[in-house]
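Next comes query_21.csv, with CSV, C-alpha atoms.
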```
chain,number,residue,atom,x,y,z
A,1,MET,CA,31.1,-11.2,-18.4
A,2,GLU,CA,28.9,-11.5,-15.5
A,3,ARG,CA,25.2,-11.7,-16.2
A,4,THR,CA,22.6,-9.8,-14.3
A,5,ALA,CA,20.3,-12.3,-12.8
A,6,LEU,CA,16.8,-12.0,-14.3
A,7,PRO,CA,14.0,-11.9,-11.8
A,8,GLY,CA,12.2,-15.2,-11.6
A,9,ARG,CA,8.5,-15.7,-12.1
A,10,LEU,CA,6.4,-14.4,-9.3
A,11,ILE,CA,5.2,-17.7,-7.8
A,12,TRP,CA,2.6,-18.6,-5.3
A,13,GLN,CA,4.0,-20.0,-2.1
A,14,ILE,CA,2.7,-21.2,1.2
A,15,GLY,CA,3.4,-19.1,4.3
A,16,GLU,CA,2.9,-20.3,7.8
A,17,VAL,CA,1.4,-18.2,10.5
A,18,VAL,CA,3.9,-17.9,13.3
A,19,ALA,CA,2.4,-15.1,15.4
A,20,THR,CA,-0.9,-13.1,15.6
A,21,HIS,CA,-1.5,-9.9,17.4
A,22,PRO,CA,-4.8,-8.0,17.6
A,23,GLU,CA,-4.1,-4.3,16.8
A,24,THR,CA,-7.6,-3.0,17.3
A,25,GLU,CA,-11.1,-4.4,17.5
A,26,ARG,CA,-11.2,-4.7,13.7
A,27,SER,CA,-7.7,-5.3,12.7
A,28,LYS,CA,-5.1,-7.9,13.4
A,29,SER,CA,-1.4,-8.5,12.6
A,30,LEU,CA,-0.3,-11.8,11.2
A,31,THR,CA,3.4,-12.8,11.1
A,32,LEU,CA,4.1,-15.3,8.3
A,33,ALA,CA,7.2,-17.4,7.8
A,34,LEU,CA,8.0,-17.8,4.1
A,35,PRO,CA,10.0,-20.6,2.5
A,36,ILE,CA,11.2,-18.3,-0.3
A,37,TRP,CA,11.6,-14.6,0.2
A,38,PRO,CA,13.9,-12.4,-2.0
A,39,GLY,CA,13.5,-9.5,0.5
A,40,HIS,CA,11.1,-6.6,0.1
A,41,LEU,CA,11.0,-2.8,0.1
A,42,ALA,CA,9.0,-0.8,2.6
A,43,GLY,CA,5.6,-0.1,0.9
A,44,GLN,CA,5.4,-3.3,-1.1
A,45,HIS,CA,2.5,-5.7,-0.8
A,46,VAL,CA,1.6,-9.4,-1.3
A,47,ASP,CA,-1.3,-11.0,-3.0
A,48,ILE,CA,-3.2,-13.5,-0.8
A,49,ARG,CA,-5.3,-16.2,-2.4
A,50,LEU,CA,-7.9,-18.3,-0.7
A,51,THR,CA,-9.3,-21.4,-2.4
A,52,ALA,CA,-12.6,-22.9,-1.3
A,53,ASP,CA,-13.3,-26.6,-1.3
A,54,ASP,CA,-15.2,-26.2,-4.6
A,55,GLY,CA,-12.3,-24.5,-6.2
A,56,TYR,CA,-13.6,-21.0,-6.0
A,57,GLN,CA,-10.8,-18.5,-5.5
A,58,ALA,CA,-10.7,-15.1,-4.0
A,59,GLN,CA,-7.6,-12.9,-4.1
A,60,ARG,CA,-6.6,-9.7,-2.3
A,61,SER,CA,-3.6,-7.5,-1.9
A,62,TYR,CA,-2.2,-6.7,1.5
A,63,SER,CA,0.5,-4.3,2.4
A,64,ILE,CA,3.5,-5.5,4.3
A,65,ALA,CA,3.8,-3.8,7.7
A,66,SER,CA,7.3,-5.2,8.7
A,67,PRO,CA,10.6,-3.7,7.6
A,68,PRO,CA,12.9,-5.5,5.1
A,69,GLU,CA,15.3,-6.1,8.0
A,70,ASP,CA,13.0,-8.9,9.4
A,71,GLY,CA,14.3,-11.4,6.8
A,72,ARG,CA,12.1,-14.3,5.8
A,73,GLN,CA,9.2,-13.3,8.1
A,74,ILE,CA,6.7,-10.7,7.1
A,75,MET,CA,4.0,-9.1,9.1
A,76,LEU,CA,0.7,-8.1,7.5
A,77,THR,CA,-2.0,-6.1,9.3
A,78,ILE,CA,-5.5,-7.0,8.1
A,79,GLU,CA,-8.6,-4.9,8.6
A,80,ARG,CA,-11.7,-7.0,8.9
A,81,LEU,CA,-14.4,-6.0,6.5
A,82,ASP,CA,-17.7,-7.5,7.6
A,83,ASP,CA,-18.9,-8.3,4.1
A,84,GLY,CA,-15.4,-9.2,2.8
A,85,GLU,CA,-14.6,-12.5,1.2
A,86,VAL,CA,-11.1,-12.7,2.5
A,87,SER,CA,-10.4,-10.5,5.5
A,88,PRO,CA,-12.8,-12.2,8.0
A,89,TYR,CA,-11.1,-15.5,7.3
A,90,LEU,CA,-7.7,-13.9,7.9
A,91,THR,CA,-8.6,-12.1,11.0
A,92,ASP,CA,-11.0,-14.6,12.7
A,93,GLU,CA,-10.0,-18.0,11.5
A,94,LEU,CA,-6.3,-18.2,11.0
A,95,ARG,CA,-4.3,-19.6,14.0
A,96,ILE,CA,-0.6,-20.1,14.6
A,97,GLY,CA,0.6,-23.0,12.5
A,98,ASP,CA,-2.0,-22.4,9.8
A,99,LYS,CA,-0.9,-22.1,6.2
A,100,VAL,CA,-1.8,-19.3,3.7
A,101,GLU,CA,-1.1,-19.0,0.0
A,102,LEU,CA,0.5,-15.8,-1.2
A,103,ARG,CA,2.9,-14.3,-3.7
A,104,GLY,CA,5.2,-11.3,-3.5
A,105,PRO,CA,6.7,-8.9,-2.9
A,106,ILE,CA,4.9,-6.8,-5.4
A,107,GLY,CA,5.2,-3.1,-6.4
A,108,GLY,CA,8.0,-0.7,-7.0
A,109,TYR,CA,6.1,2.6,-7.1
A,110,PHE,CA,4.7,3.1,-3.6
A,111,VAL,CA,8.0,2.3,-1.9
A,112,TRP,CA,10.5,4.2,0.2
A,113,GLU,CA,14.3,3.6,0.6
A,114,GLU,CA,16.7,6.0,2.1
A,115,ARG,CA,18.2,6.9,-1.3
A,116,LEU,CA,14.8,8.4,-2.2
A,117,GLY,CA,15.4,11.0,0.4
A,118,GLY,CA,13.0,13.1,2.4
A,119,PRO,CA,11.8,14.7,4.6
A,120,LEU,CA,8.9,12.2,4.6
A,121,LEU,CA,5.3,13.2,5.0
A,122,LEU,CA,3.3,10.0,5.5
A,123,ILE,CA,-0.5,10.4,5.5
A,124,ALA,CA,-2.7,7.5,6.5
A,125,GLY,CA,-6.4,7.0,6.5
A,126,GLY,CA,-7.3,4.1,8.8
A,127,SER,CA,-5.6,0.9,7.8
A,128,GLY,CA,-3.8,2.9,5.1
A,129,ILE,CA,-1.2,3.2,7.8
A,130,VAL,CA,0.1,-0.3,7.2
A,131,PRO,CA,2.6,0.3,4.3
A,132,LEU,CA,3.6,3.6,6.0
A,133,MET,CA,4.5,1.7,9.2
A,134,ALA,CA,6.8,-0.4,7.1
A,135,MET,CA,8.6,2.8,6.1
A,136,ILE,CA,8.8,4.0,9.7
A,137,ARG,CA,10.1,0.7,10.9
A,138,HIS,CA,12.6,0.5,8.0
A,139,ARG,CA,13.9,3.9,8.6
A,140,ARG,CA,14.6,3.0,12.2
A,141,ALA,CA,16.0,-0.4,11.5
A,142,ALA,CA,18.3,1.1,8.8
A,143,GLY,CA,19.5,3.8,11.2
A,144,SER,CA,18.4,6.5,8.8
A,145,THR,CA,18.2,10.1,10.0
A,146,ILE,CA,15.7,11.3,7.5
A,147,PRO,CA,12.9,13.1,9.4
A,148,ILE,CA,9.4,11.7,9.2
A,149,ARG,CA,6.1,13.3,9.9
A,150,LEU,CA,3.2,10.9,10.1
A,151,LEU,CA,-0.3,12.3,9.8
A,152,ALA,CA,-2.9,9.7,10.6
A,153,SER,CA,-6.7,9.8,10.6
A,154,PHE,CA,-8.8,7.4,12.6
A,155,ARG,CA,-12.4,7.4,13.7
A,156,THR,CA,-11.8,6.9,17.4
A,157,TYR,CA,-8.9,6.4,19.9
A,158,ASP,CA,-9.4,2.7,20.0
A,159,ASP,CA,-9.2,2.5,16.2
A,160,ILE,CA,-5.6,3.7,16.2
A,161,ILE,CA,-3.5,0.9,14.7
A,162,TYR,CA,0.1,0.5,16.2
A,163,ARG,CA,-0.8,3.1,18.8
A,164,ASP,CA,1.6,2.0,21.5
A,165,GLU,CA,4.5,1.5,19.1
A,166,LEU,CA,3.9,4.9,17.6
A,167,GLU,CA,3.8,6.6,20.9
A,168,HIS,CA,7.0,4.8,22.0
A,169,LEU,CA,8.8,5.6,18.8
A,170,ALA,CA,7.7,9.3,18.7
A,171,GLY,CA,8.8,9.7,22.3
A,172,ASP,CA,12.1,8.1,21.5
A,173,GLU,CA,13.1,10.0,18.4
A,174,LEU,CA,13.0,13.6,17.7
A,175,ALA,CA,13.0,13.0,14.0
A,176,LEU,CA,9.7,11.1,14.1
A,177,GLU,CA,6.6,13.2,14.6
A,178,VAL,CA,3.2,11.5,14.9
A,179,ILE,CA,0.1,13.7,14.4
A,180,THR,CA,-3.2,12.0,14.9
A,181,THR,CA,-6.7,13.2,14.1
A,182,LEU,CA,-9.8,11.4,15.5
A,183,THR,CA,-12.7,12.2,13.3
A,184,ARG,CA,-15.7,10.6,15.2
A,185,THR,CA,-15.1,10.6,18.9
A,186,GLN,CA,-12.2,11.7,21.1
A,187,PRO,CA,-11.3,10.5,24.6
A,188,PRO,CA,-11.5,13.0,27.5
A,189,GLY,CA,-8.5,15.3,27.4
A,190,TRP,CA,-7.7,14.7,23.7
A,191,THR,CA,-5.4,17.4,22.5
A,192,GLY,CA,-4.9,16.2,19.0
A,193,TYR,CA,-6.9,17.1,15.9
A,194,MET,CA,-10.6,16.3,15.5
A,195,THR,CA,-11.4,17.1,11.9
A,196,ARG,CA,-10.9,15.1,8.7
A,197,ILE,CA,-7.7,15.8,6.9
A,198,ASP,CA,-8.5,18.9,4.9
A,199,ALA,CA,-6.5,21.8,3.3
A,200,GLU,CA,-6.4,23.7,6.6
A,201,LEU,CA,-5.0,20.7,8.6
A,202,LEU,CA,-2.5,20.0,5.8
A,203,ARG,CA,-1.3,23.6,5.9
A,204,ASP,CA,-0.8,23.2,9.6
A,205,VAL,CA,1.2,20.0,9.6
A,206,ALA,CA,2.8,19.4,6.2
A,207,TRP,CA,6.5,20.3,5.7
A,208,PRO,CA,7.1,23.7,4.1
A,209,ILE,CA,7.0,23.4,0.3
A,210,GLU,CA,10.6,24.6,0.1
A,211,GLN,CA,11.8,21.5,1.8
A,212,HIS,CA,10.5,19.4,-1.1
A,213,PRO,CA,8.9,16.7,1.1
A,214,LEU,CA,8.4,13.2,-0.3
A,215,THR,CA,4.8,12.4,0.4
A,216,PHE,CA,3.1,9.0,0.6
A,217,ILE,CA,-0.7,8.9,1.0
A,218,CYS,CA,-2.5,5.6,1.7
A,219,GLY,CA,-6.1,5.0,2.6
A,220,PRO,CA,-9.6,4.6,1.2
A,221,THR,CA,-10.0,5.9,-2.4
A,222,GLN,CA,-11.9,9.0,-1.5
A,223,PHE,CA,-9.5,9.9,1.3
A,224,VAL,CA,-6.5,9.5,-0.9
A,225,GLU,CA,-7.9,11.5,-3.8
A,226,THR,CA,-9.1,14.4,-1.6
A,227,THR,CA,-5.8,14.6,0.3
A,228,ALA,CA,-3.7,14.5,-2.9
A,229,ALA,CA,-5.8,17.1,-4.5
A,230,ASN,CA,-5.5,19.4,-1.4
A,231,LEU,CA,-1.7,19.0,-1.4
A,232,LEU,CA,-1.5,19.9,-5.1
A,233,ALA,CA,-3.8,22.9,-4.5
A,234,LEU,CA,-1.4,24.0,-1.7
A,235,GLY,CA,1.4,23.9,-4.3
A,236,TYR,CA,3.3,20.6,-3.4
A,237,GLU,CA,5.1,19.0,-6.3
A,238,PRO,CA,3.0,16.3,-8.0
A,239,THR,CA,6.1,14.1,-8.7
A,240,ARG,CA,6.9,14.0,-5.0
A,241,ILE,CA,3.4,12.7,-4.0
A,242,LYS,CA,2.8,9.0,-4.2
A,243,THR,CA,-0.6,7.5,-3.5
A,244,GLU,CA,-2.0,4.1,-2.8
A,245,ARG,CA,-5.7,3.6,-2.7
A,246,PHE,CA,-7.0,0.8,-0.6
A,247,GLY,CA,-10.2,-0.7,-1.8
A,248,PRO,CA,-13.3,-0.8,0.4
A,249,THR,CA,-12.6,-0.2,4.0
A,250,GLY,CA,-14.3,1.4,7.0
A,251,ASP,CA,-14.5,5.1,7.5
A,252,THR,CA,-11.6,7.1,8.7
B,1,MET,CA,-12.8,-9.2,-6.6
B,2,ASP,CA,-14.4,-5.9,-5.5
B,3,LYS,CA,-15.1,-3.5,-8.2
B,4,THR,CA,-13.6,-0.4,-6.7
B,5,THR,CA,-11.0,2.1,-7.8
B,6,LEU,CA,-7.5,1.1,-6.9
B,7,ASP,CA,-4.1,2.0,-8.2
B,8,GLY,CA,-1.9,0.3,-10.7
B,9,ASN,CA,0.0,-0.8,-7.6
B,10,ALA,CA,-2.7,-3.4,-7.0
B,11,ALA,CA,-2.3,-4.7,-10.6
B,12,GLY,CA,1.4,-5.4,-9.9
B,13,GLY,CA,0.7,-9.1,-9.3
B,14,ILE,CA,-1.3,-9.8,-12.5
B,15,LEU,CA,1.2,-7.7,-14.5
B,16,ARG,CA,4.1,-9.9,-13.2
B,17,GLU,CA,2.2,-12.9,-14.4
B,18,VAL,CA,2.6,-11.6,-17.9
B,19,PHE,CA,5.7,-9.5,-17.9
B,20,LEU,CA,9.2,-10.5,-16.8
B,21,PHE,CA,9.8,-7.4,-14.7
B,22,GLU,CA,8.2,-5.5,-11.8
B,23,MET,CA,5.8,-3.3,-13.8
B,24,THR,CA,4.5,-0.6,-11.4
B,25,LEU,CA,7.5,1.6,-12.1
B,26,ALA,CA,7.2,1.1,-15.8
B,27,GLU,CA,6.0,4.3,-17.6
B,28,GLY,CA,3.2,4.2,-20.1
B,29,ALA,CA,2.4,6.9,-22.6
B,30,CYS,CA,-1.3,7.4,-23.1
B,31,ALA,CA,-2.3,6.9,-26.8
B,32,HIS,CA,-5.1,9.4,-26.3
B,33,CYS,CA,-3.6,12.4,-24.4
B,34,GLY,CA,0.1,11.6,-24.5
B,35,ALA,CA,0.6,11.9,-20.8
B,36,THR,CA,3.3,9.6,-19.4
B,37,ASN,CA,2.6,8.0,-16.0
B,38,ALA,CA,4.0,5.2,-13.9
B,39,ILE,CA,1.8,2.2,-14.1
B,40,GLY,CA,1.6,2.4,-10.3
B,41,ALA,CA,0.0,5.8,-10.6
B,42,THR,CA,-2.7,4.7,-13.0
B,43,THR,CA,-6.2,4.1,-11.9
B,44,ALA,CA,-7.1,0.4,-11.7
B,45,TYR,CA,-10.4,-1.2,-11.9
B,46,MET,CA,-10.2,-4.9,-10.9
B,47,SER,CA,-13.0,-7.4,-10.9
B,48,GLY,CA,-13.5,-11.1,-11.6
B,49,MET,CA,-13.7,-10.1,-15.2
B,50,GLY,CA,-10.3,-8.7,-15.4
B,51,THR,CA,-8.2,-5.6,-14.8
B,52,VAL,CA,-8.5,-2.3,-16.5
B,53,LEU,CA,-5.8,0.4,-16.1
B,54,ARG,CA,-6.8,3.9,-17.0
B,55,CYS,CA,-4.8,7.1,-17.6
B,56,PRO,CA,-4.8,9.2,-14.5
B,57,SER,CA,-4.7,12.3,-16.7
B,58,CYS,CA,-7.5,11.7,-19.2
B,59,GLU,CA,-9.2,8.5,-17.9
B,60,HIS,CA,-8.9,6.7,-21.2
B,61,VAL,CA,-8.2,3.0,-21.0
B,62,LEU,CA,-4.5,2.2,-21.2
B,63,ILE,CA,-4.3,-1.6,-20.6
B,64,ARG,CA,-6.9,-4.4,-20.2
B,65,ILE,CA,-5.9,-7.8,-18.9
B,66,VAL,CA,-8.2,-10.7,-18.8
B,67,SER,CA,-7.0,-14.1,-17.7
B,68,THR,CA,-9.1,-17.2,-18.2
B,69,LYS,CA,-8.0,-20.8,-17.5
B,70,GLY,CA,-4.3,-20.1,-17.7
B,71,SER,CA,-4.3,-17.9,-20.8
B,72,TYR,CA,-4.1,-14.1,-21.0
B,73,TRP,CA,-5.7,-11.5,-23.2
B,74,LEU,CA,-3.7,-8.3,-23.1
B,75,ASP,CA,-5.3,-5.2,-24.8
B,76,MET,CA,-2.6,-2.4,-25.0
B,77,GLN,CA,-4.0,-0.2,-27.7
B,78,GLY,CA,-4.4,2.6,-25.2
B,79,VAL,CA,-0.6,2.8,-24.6
B,80,ARG,CA,1.5,4.4,-27.2
B,81,ALA,CA,4.7,3.2,-25.6
B,82,LEU,CA,5.7,1.4,-22.4
B,83,HIS,CA,9.1,2.2,-20.9
B,84,ILE,CA,10.2,-0.7,-18.7
B,85,LYS,CA,12.9,-0.2,-16.1
B,86,PRO,CA,14.1,-3.6,-14.9
B,87,GLU,CA,15.7,-2.5,-11.6
B,88,LEU,CA,13.5,-4.4,-9.2
```
Would it be possible to restate this file's structure as structure tokens?
Amino acid sequence: MERTALPGRLIWQIGEVVATHPETERSKSLTLALPIWPGHLAGQHVDIRLTADDGYQAQRSYSIASPPEDGRQIMLTIERLDDGEVSPYLTDELRIGDKVELRGPIGGYFVWEERLGGPLLLIAGGSGIVPLMAMIRHRRAAGSTIPIRLLASFRTYDDIIYRDELEHLAGDELALEVITTLTRTQPPGWTGYMTRIDAELLRDVAWPIEQHPLTFICGPTQFVETTAANLLALGYEPTRIKTERFGPTGDT
Amino acid sequence: MDKTTLDGNAAGGILREVFLFEMTLAEGACAHCGATNAIGATTAYMSGMGTVLRCPSCEHVLIRIVSTKGSYWLDMQGVRALHIKPEL
């Protein structure tokens, strides 16, 4: 009888930075080549651990931005927190060829695969867009036709992470709609939303309840809790709403 | 680590140090209110002291994990039952 392989221990490994790409003034994408990678699901994260010379360690979780189809390379997009212990090092110090200690992939709850269905409503507050971008990229790479509506909140136009790629994808595919709200300042001629994501905005853009959308919300704690509560109040099914709270981040 | 509210998702790493399986999809029944929720949907408080997972329905503590020098303390008295689904 064939035995199902048991998952191995989740081990720390050393990834090598093979590419970096500034996304906004405060965020940067790092592409890491990994020696061991069992493959991941869109929405999963890795833990990164930094060790100082005196042995002090700091550890943080970062969502994977790249789709599973990229093989043994993963892209992370890191938002720089000025008083952070880990993110300034990752965004400012790491260069191509540098090594970084990490483990993963981690998580099975906040993930999307085609078999989970749709239509998808992805709601991002600031850098909360990162795991949702993995879902958008995965859907495209997998050739899925499940429609996606992305509702993303940023402070300003320059804060929009993946702006060019999202514009390109949304222009290319009818089944991907990108709705952006800019909560602080808007460029001249801005025709998008200008308010925080509240019940009214959700009523405007969310899929009709009868379509049983599958919703993923990711962003700062307060953003996620308010948005989820608003969706529940509008009558969306709690079991079809998945949330991931980021820790401290800038405003959205 | 920062002492802010996260989800059980963020505790996936430490849980995988202790358990054999991916645990954010496992479902825990709260010993206090009886609500059953995926570990990934719980509220997580993580600090250098350890990780505390609370019931998203009634806020009672479900699981505490503290690791010191390679050993683990696991306090599970807040969970009546844990349903582990080893698919990942």
Please report, as a Markdown table, each residue of chain B lying at most 6 Å from chain A, together with the nearest pair of atoms and the separation in Å rounded to one decimal; use only C-alpha atoms, and order rows by chain and ascending residue number.
```
| residue | atom | partner | partner_atom | distance |
| --- | --- | --- | --- | --- |
| B:Thr4 | CA | A:Gly247 | CA | 6.0 |
| B:Leu6 | CA | A:Arg245 | CA | 5.2 |
| B:Asp7 | CA | A:Arg245 | CA | 5.9 |
| B:Asn9 | CA | A:Gly107 | CA | 5.8 |
| B:Gly12 | CA | A:Gly107 | CA | 5.7 |
| B:Thr24 | CA | A:Tyr109 | CA | 5.6 |
| B:Leu25 | CA | A:Tyr109 | CA | 5.3 |
| B:Gly40 | CA | A:Tyr109 | CA | 5.5 |
```
>> Can you measure atom CA of Tyr157 of chain A to atom CA of Glu173 of chain A for me? One decimal in Å is fine.
In response: 22.3 Å
> Excluding same-chain residues fewer than 2 positions from segment 117-129 of chain A, what lies within 6 Å of it counting only C-alpha atoms, as a VMD selection string?
Replying inline: chain A and resid 114 to 115 131 to 132 146 to 154 213 to 219 252
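Picture a line from atom CA of Arg49 of chain A to atom CA of Val100 of chain A; it runs 7.7 Å.
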> Quick one, how far is atom CA of Trp190 of chain A from atom CA of Tyr162 of chain A?
Replying inline: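 Straight-line distance from atom CA of Trp190 of chain A to atom CA of Tyr162 of chain A works out to 17.9 Å.
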